$ cat input24.cif   # mmCIF, C-alpha atoms and all ligand atoms
data_model
loop_
_atom_site.label_atom_id
_atom_site.label_comp_id
_atom_site.auth_asym_id
_atom_site.auth_seq_id
_atom_site.Cartn_x
_atom_site.Cartn_y
_atom_site.Cartn_z
CA MET R 1 -8.94 4.16 27.58
CA GLY R 2 -12.01 2.01 28.33
CA ASP R 3 -12.85 -1.33 26.73
CA ARG R 4 -15.30 0.23 24.31
CA GLU R 5 -12.84 2.79 22.99
CA THR R 6 -10.12 0.13 22.74
CA ILE R 7 -12.15 -2.41 20.81
CA ASP R 8 -13.67 0.22 18.52
CA ARG R 9 -10.20 1.56 17.77
CA ILE R 10 -8.85 -1.91 16.97
CA ILE R 11 -11.78 -2.69 14.67
CA ARG R 12 -11.50 0.66 12.89
CA ASN R 13 -7.71 0.59 12.59
CA ARG R 14 -7.48 -2.92 11.17
CA ARG R 15 -6.67 -2.93 7.52
CA SER R 16 -5.27 -5.46 5.11
CA SER R 17 -1.48 -5.45 4.95
CA ARG R 18 -0.05 -6.07 1.49
CA ALA R 19 3.65 -5.53 2.24
CA PHE R 20 5.54 -7.23 5.06
CA LEU R 21 8.92 -7.06 6.73
CA PRO R 22 10.97 -10.25 6.37
CA GLN R 23 11.22 -10.42 10.18
CA PRO R 24 9.75 -13.71 11.45
CA VAL R 25 6.72 -13.75 13.72
CA PRO R 26 7.45 -15.64 16.97
CA LYS R 27 5.43 -18.83 17.39
CA GLN R 28 4.29 -17.52 20.77
CA VAL R 29 2.62 -14.54 19.08
CA ILE R 30 0.76 -16.80 16.65
CA LYS R 31 -0.30 -18.99 19.58
CA GLU R 32 -1.76 -15.91 21.26
CA LEU R 33 -3.76 -15.10 18.13
CA LEU R 34 -5.17 -18.63 18.13
CA GLU R 35 -5.91 -18.50 21.87
CA VAL R 36 -8.00 -15.37 21.28
CA ALA R 37 -9.63 -16.46 18.01
CA ARG R 38 -10.95 -19.72 19.53
CA TRP R 39 -13.46 -17.60 21.47
CA ALA R 40 -15.25 -16.82 18.20
CA PRO R 41 -18.89 -17.93 17.97
CA SER R 42 -19.92 -20.98 15.95
CA ALA R 43 -23.21 -22.80 15.34
CA SER R 44 -23.91 -25.18 18.26
CA ASN R 45 -20.43 -24.25 19.50
CA ALA R 46 -19.09 -26.80 17.01
CA GLN R 47 -15.79 -24.87 16.73
CA PRO R 48 -15.46 -26.18 13.18
CA TRP R 49 -12.09 -24.54 12.52
CA ARG R 50 -8.87 -26.44 11.94
CA VAL R 51 -5.71 -24.39 11.55
CA THR R 52 -2.41 -24.98 9.77
CA VAL R 53 0.29 -22.37 10.29
CA ALA R 54 3.37 -22.51 8.09
CA THR R 55 6.53 -20.45 8.11
CA GLY R 56 10.18 -20.94 7.06
CA SER R 57 10.91 -23.59 4.44
CA VAL R 58 7.29 -24.86 4.33
CA ALA R 59 5.91 -21.36 3.68
CA GLU R 60 8.58 -20.85 1.01
CA GLU R 61 7.67 -24.12 -0.70
CA LEU R 62 3.99 -23.12 -0.65
CA ARG R 63 4.87 -19.69 -2.09
CA ARG R 64 6.95 -21.29 -4.84
CA ARG R 65 4.21 -23.75 -5.82
CA LEU R 66 1.44 -21.12 -5.74
CA GLY R 67 3.66 -18.67 -7.62
CA GLU R 68 4.16 -21.21 -10.39
CA ALA R 69 0.42 -21.77 -10.60
CA ALA R 70 -0.15 -18.00 -10.68
CA GLU R 71 2.15 -17.59 -13.65
CA GLY R 72 0.01 -20.13 -15.48
CA GLN R 73 -3.14 -18.13 -14.85
CA ARG R 74 -2.00 -14.65 -15.90
CA MET R 75 -4.81 -12.73 -17.57
CA ALA R 76 -4.84 -12.20 -21.31
CA PRO R 77 -4.48 -8.49 -22.28
CA ASP R 78 -8.20 -7.92 -22.92
CA GLN R 79 -9.15 -9.65 -19.65
CA ALA R 80 -6.55 -7.58 -17.79
CA ALA R 81 -7.91 -4.35 -19.27
CA ALA R 82 -11.47 -5.27 -18.22
CA TYR R 83 -10.22 -6.18 -14.72
CA ARG R 84 -8.38 -2.85 -14.40
CA GLN R 85 -11.53 -0.97 -15.36
CA ARG R 86 -13.62 -2.94 -12.92
CA ILE R 87 -11.22 -2.18 -10.06
CA ALA R 88 -11.02 1.51 -11.00
CA ARG R 89 -14.80 1.84 -10.67
CA GLY R 90 -15.15 -0.21 -7.48
CA PRO R 91 -14.30 -0.06 -3.76
CA MET R 92 -10.68 -1.22 -4.32
CA ALA R 93 -9.87 1.84 -6.45
CA PHE R 94 -8.02 3.49 -3.55
CA LEU R 95 -5.25 0.90 -4.01
CA LEU R 96 -4.44 2.23 -7.48
CA ASP R 97 -2.84 5.34 -5.99
CA HIS R 98 -0.56 3.26 -3.79
CA ILE R 99 0.94 0.51 -5.89
CA GLN R 100 3.62 0.47 -8.53
CA GLU R 101 2.58 -2.72 -10.28
CA PRO R 102 -0.49 -2.98 -12.55
CA ILE R 103 -3.50 -3.97 -10.45
CA ASP R 104 -4.15 -7.05 -12.62
CA TYR R 105 -0.75 -8.29 -11.46
CA PHE R 106 -0.75 -6.91 -7.93
CA LEU R 107 -4.02 -8.40 -6.70
CA PRO R 108 -4.27 -11.81 -8.36
CA ILE R 109 -0.59 -12.70 -8.70
CA ARG R 110 0.92 -11.13 -5.58
CA SER R 111 -1.99 -12.54 -3.55
CA MET R 112 -0.95 -16.00 -4.71
CA THR R 113 2.53 -15.54 -3.24
CA PHE R 114 0.88 -14.00 -0.18
CA PHE R 115 2.61 -10.66 -0.59
CA ASP R 116 5.87 -12.18 0.69
CA ALA R 117 4.46 -12.55 4.19
CA PRO R 118 6.54 -14.84 6.42
CA VAL R 119 3.53 -16.79 7.71
CA ALA R 120 0.71 -18.58 5.87
CA LEU R 121 -2.26 -19.57 8.01
CA VAL R 122 -4.83 -21.84 6.40
CA LEU R 123 -8.22 -22.56 7.93
CA SER R 124 -9.95 -25.81 7.12
CA PHE R 125 -13.00 -27.59 8.42
CA PRO R 126 -14.05 -31.22 8.74
CA GLY R 127 -16.49 -32.08 5.98
CA GLY R 128 -17.20 -33.13 2.43
CA GLU R 129 -15.61 -31.61 -0.60
CA HIS R 130 -18.59 -29.56 -1.75
CA ALA R 131 -19.74 -28.38 1.66
CA PRO R 132 -19.50 -24.61 2.17
CA ALA R 133 -17.27 -23.48 5.01
CA PRO R 134 -19.33 -23.12 8.20
CA ALA R 135 -19.85 -19.50 9.25
CA GLY R 136 -17.88 -20.23 12.43
CA VAL R 137 -14.71 -20.60 10.37
CA HIS R 138 -15.19 -17.05 9.10
CA ALA R 139 -15.98 -15.79 12.58
CA PHE R 140 -12.69 -17.35 13.70
CA ALA R 141 -10.83 -15.64 10.85
CA THR R 142 -12.32 -12.24 11.65
CA THR R 143 -11.54 -12.57 15.34
CA LEU R 144 -7.99 -13.60 14.52
CA LEU R 145 -7.51 -10.52 12.32
CA LEU R 146 -8.56 -8.31 15.22
CA ALA R 147 -6.25 -10.11 17.65
CA ALA R 148 -3.44 -9.57 15.13
CA GLU R 149 -4.24 -5.87 14.83
CA ALA R 150 -4.12 -5.52 18.62
CA ARG R 151 -0.56 -6.92 18.57
CA GLY R 152 0.77 -4.95 15.61
CA VAL R 153 0.81 -8.05 13.41
CA GLY R 154 -0.22 -7.33 9.83
CA ALA R 155 -2.63 -9.65 8.08
CA VAL R 156 -4.54 -10.09 4.86
CA TRP R 157 -7.28 -12.62 4.19
CA LEU R 158 -6.68 -14.03 0.71
CA ARG R 159 -9.12 -15.65 -1.66
CA TRP R 160 -6.84 -16.04 -4.68
CA PRO R 161 -4.67 -18.88 -3.30
CA MET R 162 -7.81 -20.87 -2.51
CA GLY R 163 -8.23 -21.47 -6.24
CA GLN R 164 -5.31 -23.89 -5.79
CA ARG R 165 -6.67 -25.95 -2.92
CA GLU R 166 -4.87 -29.11 -4.02
CA ILE R 167 -1.46 -27.42 -3.86
CA ILE R 168 -2.34 -26.09 -0.41
CA ARG R 169 -3.55 -29.49 0.72
CA GLU R 170 -0.44 -31.22 -0.59
CA VAL R 171 2.23 -28.81 0.68
CA LEU R 172 0.58 -28.33 4.07
CA ALA R 173 -0.42 -32.01 4.42
CA ILE R 174 -4.05 -31.15 5.17
CA PRO R 175 -5.92 -34.42 5.82
CA GLU R 176 -8.37 -35.67 3.18
CA ASP R 177 -11.33 -35.42 5.56
CA GLU R 178 -10.80 -31.66 5.99
CA GLN R 179 -11.54 -28.97 3.45
CA PRO R 180 -9.17 -26.01 3.29
CA SER R 181 -11.32 -22.89 2.98
CA ASP R 182 -9.52 -19.71 3.99
CA PHE R 183 -6.00 -18.33 3.73
CA ILE R 184 -4.56 -15.59 5.92
CA ALA R 185 -1.09 -14.14 5.39
CA LEU R 186 0.59 -12.82 8.54
CA GLY R 187 3.73 -10.84 9.29
CA TYR R 188 4.94 -7.53 10.62
CA PRO R 189 3.66 -4.88 8.23
CA ASP R 190 6.08 -2.74 6.24
CA ASP R 191 4.51 0.59 7.18
CA SER R 192 6.66 2.50 4.71
CA ALA R 193 5.50 0.46 1.71
CA PRO R 194 3.12 2.33 -0.62
CA ALA R 195 0.77 -0.67 -0.69
CA ASN R 196 0.16 -0.21 3.03
CA GLN R 197 -0.73 3.45 2.71
CA GLY R 198 -4.28 4.46 2.00
CA ARG R 199 -7.47 3.29 3.56
CA SER R 200 -10.25 1.28 2.03
CA PRO R 201 -13.54 3.20 2.10
CA ARG R 202 -16.82 2.11 3.63
CA GLU R 203 -20.43 2.83 2.74
CA GLU R 204 -22.52 4.86 5.17
CA VAL R 205 -24.77 2.89 7.54
CA SER R 206 -27.83 4.59 5.99
CA SER R 207 -26.97 3.10 2.60
CA PHE R 208 -27.23 -0.53 3.71
CA THR R 209 -29.69 -0.52 6.63
CA ARG R 210 -33.47 -0.74 6.75
CA TRP R 211 -35.00 0.27 10.09
CA LEU R 212 -38.37 -1.28 10.91
CA GLY R 213 -40.64 -0.66 13.91
CA TRP R 214 -38.58 2.20 15.33
CA GLU R 215 -40.28 5.44 16.31
C1 LIG R 301 -12.88 -13.54 2.06
C2 LIG R 301 -11.88 -12.47 1.71
C3 LIG R 301 -10.99 -12.68 0.65
C4 LIG R 301 -10.04 -11.71 0.32
N1 LIG R 301 -9.14 -11.97 -0.68
C5 LIG R 301 -8.18 -11.08 -0.96
C6 LIG R 301 -7.18 -11.36 -1.93
O1 LIG R 301 -7.14 -12.46 -2.53
N2 LIG R 301 -6.23 -10.43 -2.17
C7 LIG R 301 -6.18 -9.25 -1.48
O2 LIG R 301 -5.27 -8.46 -1.73
N3 LIG R 301 -7.11 -8.95 -0.55
C8 LIG R 301 -8.09 -9.84 -0.27
N4 LIG R 301 -9.01 -9.57 0.73
C9 LIG R 301 -8.92 -8.32 1.48
C10 LIG R 301 -10.01 -7.34 1.02
O3 LIG R 301 -9.67 -6.82 -0.24
C11 LIG R 301 -10.12 -6.23 2.07
O4 LIG R 301 -10.54 -6.78 3.30
C12 LIG R 301 -11.10 -5.13 1.66
O5 LIG R 301 -10.66 -4.49 0.49
C13 LIG R 301 -11.27 -4.09 2.77
O6 LIG R 301 -10.02 -3.53 3.09
P1 LIG R 301 -9.37 -3.63 4.55
O7 LIG R 301 -9.24 -5.08 4.92
O8 LIG R 301 -8.02 -2.95 4.41
O9 LIG R 301 -10.28 -2.91 5.49
C14 LIG R 301 -9.98 -10.50 1.06
C15 LIG R 301 -10.87 -10.29 2.13
C16 LIG R 301 -11.81 -11.27 2.45
C17 LIG R 301 -12.72 -11.05 3.63
#
$ encode --input "input24.cif" --output "structure tokens" --more "lines below"
Ligand SMILES: Cc1cc2nc3c(=O)[nH]c(=O)nc-3n(C[C@H](O)[C@H](O)[C@H](O)COP(=O)(O)O)c2cc1C
Amino acid sequence: MGDRETIDRIIRNRRSSRAFLPQPVPKQVIKELLEVARWAPSASNAQPWRVTVATGSVAEELRRRLGEAAEGQRMAPDQAAAYRQRIARGPMAFLLDHIQEPIDYFLPIRSMTFFDAPVALVLSFPGGEHAPAPAGVHAFATTLLLAAEARGVGAVWLRWPMGQREIIREVLAIPEDEQPSDFIALGYPDDSAPANQGRSPREEVSSFTRWLGWE
């Protein structure tokens, strides 16, 4: 298979894993992901990413603290009903056929405990508290997800835990002059789990593209 077929296949096959085997991921494998991801583009080649990778007792402490916080932010019944309806009408609806728990629990609460993944990877960047994450940090994250896919490592990029930045900062000892911005859970995917079945849909190119100046 040529390079083009290989990279296209990796990009198309990548999907978010939301169920993981308890099997640890060797540090060497994570190092490889970082070695690849550092080739991501960034403005002025600033390479603004900083990475904290936790497993074992540190990941468990983070999961416990975020889990506690999640319990405190459970949706009220009317909010949960509205959330369920919103999901059912949107691009995440495919998940509803593949999970046993109510979606208003599965997405917000299980995301907070990073779907029991053995590894929590947090991206941060040097900068002030209200600065948005530089695009390079997101390029790094995307590249890392593809490197993970190529190695059979499951991953999911998670926004919900980032609502608890101070817990993340404290448990992972992220320095004050860095802002944690992105959370990626990593582990070997449990391919038999219902949550990992199904495929998220995509819009057709024609629905989001304007072509100008072409014959
Ligand atoms: C910035 C960002 C935040 C996300 N946050 C969550 C999250 O908190 N929980 C979750 O289950 N998935 C999360 N996802 C995964 C998306 O739901 C997923 O990428 C999307 O539905 C497309 O599915 P796919 O990754 O399987 O192709 C996030 C993805 C991105 C890029």
$ atom_distance --input "input24.cif" --atom1 "CA of Gly136 (chain R)" --atom2 "CA of Arg12 (chain R)"
21.8 Å
$ atom_distance --input "input24.cif" --atom1 "CA of Phe115 (chain R)" --atom2 "atom O6 of ligand LIG 301 (chain R)"
15.0 Å
$ axis_aligned_box --input "input24.cif" --around "ligand LIG 301 (chain R)" --padding-each-side "3 Å" --output "lines of an AutoDock Vina configuration file"
center_x = -9.1
center_y = -8.2
center_z = 1.5
size_x = 13.6
size_y = 16.6
size_z = 14.0
$ closest_atom_pairs --input "input24.cif" --of "chain R" --to "ligand LIG 301 (chain R)" --cutoff "6 Å" --atoms "all atoms listed in the file" --output "Markdown table"
| residue | atom | partner | partner_atom | distance |
| --- | --- | --- | --- | --- |
| R:Arg15 | CA | R:LIG301 | O8 | 3.4 |
| R:Ser16 | CA | R:LIG301 | O8 | 3.8 |
| R:Met92 | CA | R:LIG301 | O5 | 5.8 |
| R:Leu107 | CA | R:LIG301 | O2 | 5.1 |
| R:Ser111 | CA | R:LIG301 | N2 | 4.9 |
| R:Val156 | CA | R:LIG301 | C9 | 5.8 |
| R:Trp157 | CA | R:LIG301 | C14 | 4.6 |
| R:Leu158 | CA | R:LIG301 | N1 | 3.5 |
| R:Arg159 | CA | R:LIG301 | N1 | 3.8 |
| R:Trp160 | CA | R:LIG301 | O1 | 4.2 |
| R:Ser200 | CA | R:LIG301 | O6 | 4.9 |
$ residues_around --input "input24.cif" --residues "region 120-126 of chain R" --least-positions-apart "6" --cutoff "8 Å" --atoms "all atoms listed in the file" --output "MDAnalysis selection string"
chainID R and resid 48:55 59 114 133:134 137 141 177:186
$ write_last_selection --input "input24.cif" --atoms "C-alpha atoms" --output "JSON list (two decimals), keeping the file's coordinate frame"
[["chain", "number", "residue", "atom", "x", "y", "z"],
["R", 48, "PRO", "CA", -15.46, -26.18, 13.18],
["R", 49, "TRP", "CA", -12.09, -24.54, 12.52],
["R", 50, "ARG", "CA", -8.87, -26.44, 11.94],
["R", 51, "VAL", "CA", -5.71, -24.39, 11.55],
["R", 52, "THR", "CA", -2.41, -24.98, 9.77],
["R", 53, "VAL", "CA", 0.29, -22.37, 10.29],
["R", 54, "ALA", "CA", 3.37, -22.51, 8.09],
["R", 55, "THR", "CA", 6.53, -20.45, 8.11],
["R", 59, "ALA", "CA", 5.91, -21.36, 3.68],
["R", 114, "PHE", "CA", 0.88, -14.00, -0.18],
["R", 133, "ALA", "CA", -17.27, -23.48, 5.01],
["R", 134, "PRO", "CA", -19.33, -23.12, 8.20],
["R", 137, "VAL", "CA", -14.71, -20.60, 10.37],
["R", 141, "ALA", "CA", -10.83, -15.64, 10.85],
["R", 177, "ASP", "CA", -11.33, -35.42, 5.56],
["R", 178, "GLU", "CA", -10.80, -31.66, 5.99],
["R", 179, "GLN", "CA", -11.54, -28.97, 3.45],
["R", 180, "PRO", "CA", -9.17, -26.01, 3.29],
["R", 181, "SER", "CA", -11.32, -22.89, 2.98],
["R", 182, "ASP", "CA", -9.52, -19.71, 3.99],
["R", 183, "PHE", "CA", -6.00, -18.33, 3.73],
["R", 184, "ILE", "CA", -4.56, -15.59, 5.92],
["R", 185, "ALA", "CA", -1.09, -14.14, 5.39],
["R", 186, "LEU", "CA", 0.59, -12.82, 8.54]]
$ atom_distance --input "input24.cif" --atom1 "CA of Lys27 (chain R)" --atom2 "CA of Gly154 (chain R)"
14.9 Å
$ build_atoms --input "input24.cif" --residues "region 150-169 of chain R" --atoms "N, CA and C atoms" --output "mmCIF file, in the coordinates of the input"
data_model
loop_
_atom_site.group_PDB
_atom_site.id
_atom_site.type_symbol
_atom_site.label_atom_id
_atom_site.label_comp_id
_atom_site.auth_asym_id
_atom_site.auth_seq_id
_atom_site.Cartn_x
_atom_site.Cartn_y
_atom_site.Cartn_z
ATOM 1 N N ALA R 150 -4.396 -5.968 17.250
ATOM 2 C CA ALA R 150 -4.120 -5.520 18.620
ATOM 3 C C ALA R 150 -2.653 -5.731 18.995
ATOM 4 N N ARG R 151 -1.963 -6.620 18.270
ATOM 5 C CA ARG R 151 -0.560 -6.920 18.570
ATOM 6 C C ARG R 151 0.406 -6.347 17.537
ATOM 7 N N GLY R 152 -0.105 -5.543 16.629
ATOM 8 C CA GLY R 152 0.770 -4.950 15.610
ATOM 9 C C GLY R 152 1.219 -5.945 14.554
ATOM 10 N N VAL R 153 0.489 -7.068 14.448
ATOM 11 C CA VAL R 153 0.810 -8.050 13.410
ATOM 12 C C VAL R 153 -0.076 -7.736 12.203
ATOM 13 N N GLY R 154 0.540 -7.628 11.044
ATOM 14 C CA GLY R 154 -0.220 -7.330 9.830
ATOM 15 C C GLY R 154 -0.819 -8.614 9.270
ATOM 16 N N ALA R 155 -1.958 -8.465 8.615
ATOM 17 C CA ALA R 155 -2.630 -9.650 8.080
ATOM 18 C C ALA R 155 -3.430 -9.279 6.848
ATOM 19 N N VAL R 156 -3.587 -10.240 5.968
ATOM 20 C CA VAL R 156 -4.540 -10.090 4.860
ATOM 21 C C VAL R 156 -5.182 -11.444 4.586
ATOM 22 N N TRP R 157 -6.476 -11.418 4.497
ATOM 23 C CA TRP R 157 -7.280 -12.620 4.190
ATOM 24 C C TRP R 157 -7.257 -12.744 2.677
ATOM 25 N N LEU R 158 -6.917 -13.904 2.155
ATOM 26 C CA LEU R 158 -6.680 -14.030 0.710
ATOM 27 C C LEU R 158 -7.562 -15.084 0.061
ATOM 28 N N ARG R 159 -8.292 -14.663 -0.955
ATOM 29 C CA ARG R 159 -9.120 -15.650 -1.660
ATOM 30 C C ARG R 159 -8.375 -16.286 -2.832
ATOM 31 N N TRP R 160 -7.455 -15.529 -3.446
ATOM 32 C CA TRP R 160 -6.840 -16.040 -4.680
ATOM 33 C C TRP R 160 -6.124 -17.383 -4.492
ATOM 34 N N PRO R 161 -5.348 -17.581 -3.423
ATOM 35 C CA PRO R 161 -4.670 -18.880 -3.300
ATOM 36 C C PRO R 161 -5.636 -20.048 -3.167
ATOM 37 N N MET R 162 -6.870 -19.767 -2.721
ATOM 38 C CA MET R 162 -7.810 -20.870 -2.510
ATOM 39 C C MET R 162 -8.272 -21.494 -3.816
ATOM 40 N N GLY R 163 -7.979 -20.853 -4.925
ATOM 41 C CA GLY R 163 -8.230 -21.470 -6.240
ATOM 42 C C GLY R 163 -7.294 -22.654 -6.482
ATOM 43 N N GLN R 164 -6.286 -22.791 -5.647
ATOM 44 C CA GLN R 164 -5.310 -23.890 -5.790
ATOM 45 C C GLN R 164 -5.318 -24.742 -4.539
ATOM 46 N N ARG R 165 -6.513 -25.175 -4.155
ATOM 47 C CA ARG R 165 -6.670 -25.950 -2.920
ATOM 48 C C ARG R 165 -5.793 -27.189 -2.887
ATOM 49 N N GLU R 166 -5.614 -27.847 -4.043
ATOM 50 C CA GLU R 166 -4.870 -29.110 -4.020
ATOM 51 C C GLU R 166 -3.394 -28.875 -3.712
ATOM 52 N N ILE R 167 -2.855 -27.761 -4.204
ATOM 53 C CA ILE R 167 -1.460 -27.420 -3.860
ATOM 54 C C ILE R 167 -1.369 -27.167 -2.359
ATOM 55 N N ILE R 168 -2.337 -26.414 -1.844
ATOM 56 C CA ILE R 168 -2.340 -26.090 -0.410
ATOM 57 C C ILE R 168 -2.441 -27.376 0.410
ATOM 58 N N ARG R 169 -3.368 -28.236 -0.002
ATOM 59 C CA ARG R 169 -3.550 -29.490 0.720
ATOM 60 C C ARG R 169 -2.255 -30.313 0.727
#
